[in-house]
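Taking it in order: structure first as structure tokens, then the write-up.
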Amino acid sequence: ILFGLLPWLYCRFSRVNTIETFRLKLPRASLSPIFALAALALATSLWMAAHELFLASQWLGIQTLREEQIKAAQALIVQFRSVSPVLVLVSFALTPALFEEFFFRGFVFSSLKQMSRPGAIIVSAVLFGLFHVVTGSVLAVERFLPTTLMGLFLGWLAFRTQSLWP
């Protein structure tokens, strides 16, 4: 509702073009194969860099998740094993990721078009990072750097291709 319905309703009532605002156009055909390969290569390696940033922040003492919260999350993962893996993937990975991209790299990024391009990329990435700091009832500050890094890359990719699809 927050990342999909409310921005869509705003666009509809403000008579804003939702295809442009949410960057739903397919990228130019000449860019598609190049950016698809680049996105795949960078995405697989960027997760490693993001994880290293997470570990570095923990090493620096920036860790807010307590041991009992980690154990509760691990117990939840065990419970998920009794549910269809497809349902878990759609519910906890694909749907949130898709709507977050619609919101941060679509709606927010388009709202920042009066800024410089690098400024819009940075602001949307920082907002993305700040959003991921909130984890349930806990502020997980150690998640800020990795998710901001991912937001910078995804923002650059959305800007470069003028589309969310890559």
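So you can find residues: chains in the structure tokens are A, B, ... in the order shown, residues in each start at 1, and ligands are numbered from 1 in order.
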DSSP strand (DSSP E or B) residues within chain A, as number ranges by chain: A: 134-135, 138-139
Residues at most 8 Å from Gly4 (chain A), counting only C-alpha atoms, excluding those fewer than 6 positions away in the same chain, as an mmCIF file with C-alpha atoms, in the first residue's frame?
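Contents of part-v9.cif, freshly written:
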data_model
loop_
_atom_site.group_PDB
_atom_site.id
_atom_site.type_symbol
_atom_site.label_atom_id
_atom_site.label_comp_id
_atom_site.auth_asym_id
_atom_site.auth_seq_id
_atom_site.Cartn_x
_atom_site.Cartn_y
_atom_site.Cartn_z
ATOM 1 C CA PHE A 99 7.398 -2.160 -5.098
ATOM 2 C CA PHE A 102 8.647 1.441 -8.199
ATOM 3 C CA PHE A 103 8.798 3.792 -5.232
#
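Take the candidates A:Leu26, A:Ala158, A:Ala56, A:Ala97 and check each one against Ser110 (chain A) using only C-alpha atoms; the shortest distance goes to A:Ala158.
Using only C-alpha atoms, the residues found no farther than 10 Å from Ala120 (chain A), other than those of its own chain fewer than 2 positions away, are A:Arg105, A:Val108, A:Phe109, A:Ser110, A:Ser111, A:Leu112, A:Lys113, A:Gln114, A:Met115, A:Ser116, A:Arg117, A:Pro118, A:Ile122, A:Val123, A:Ser124, A:Ala125, A:Val126, A:Leu152, A:Gly155, A:Trp156, A:Phe159.
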Nearest residue to Phe3 (chain A) from the set A:Leu98, A:Leu139, A:Val86, A:Leu164 (distances using only C-alpha atoms):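 Looking only at the distances to Phe3 (chain A), the closest residue turns out to be A:Leu98.
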Selected residue, from A:Ala140, A:Ala41, A:Leu6, A:Thr147, that lies nearest to Phe128 (chain A) when counting only C-alpha atoms: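 The closest residue to Phe128 (chain A) is A:Thr147.
CA of Leu94 (chain A) to CA of Leu24 (chain A) spans 16.6 Å [interatomic distance, one decimal].
Note that CA of Ala39 (chain A) and CA of Leu157 (chain A) are 7.8 Å apart.
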Shortest interatomic distance to Ile70 (chain A) - which of A:Thr135, A:Asn17, A:Thr95, A:Ser57, counting only C-alpha atoms: A:Thr135
Region 25-148 of chain A: residues DSSP assigns to helix (DSSP H, G or I), reported as a VMD selection string: chain A and resid 32 to 59 67 to 80 85 to 111 117 to 133 141 to 148
Distance criterion (only C-alpha atoms): nearest to Phe92 (chain A) out of A:Phe107, A:Phe22, A:Phe80, A:Phe13: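 Checking each candidate against Phe92 (chain A), we get A:Phe80 as the closest.
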Minimum-distance residue to Ile19 (chain A), chosen among A:Leu53, A:Gly106, A:His132, A:Leu42 (using only C-alpha atoms):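 So, comparing all the options, the nearest one is A:Gly106.
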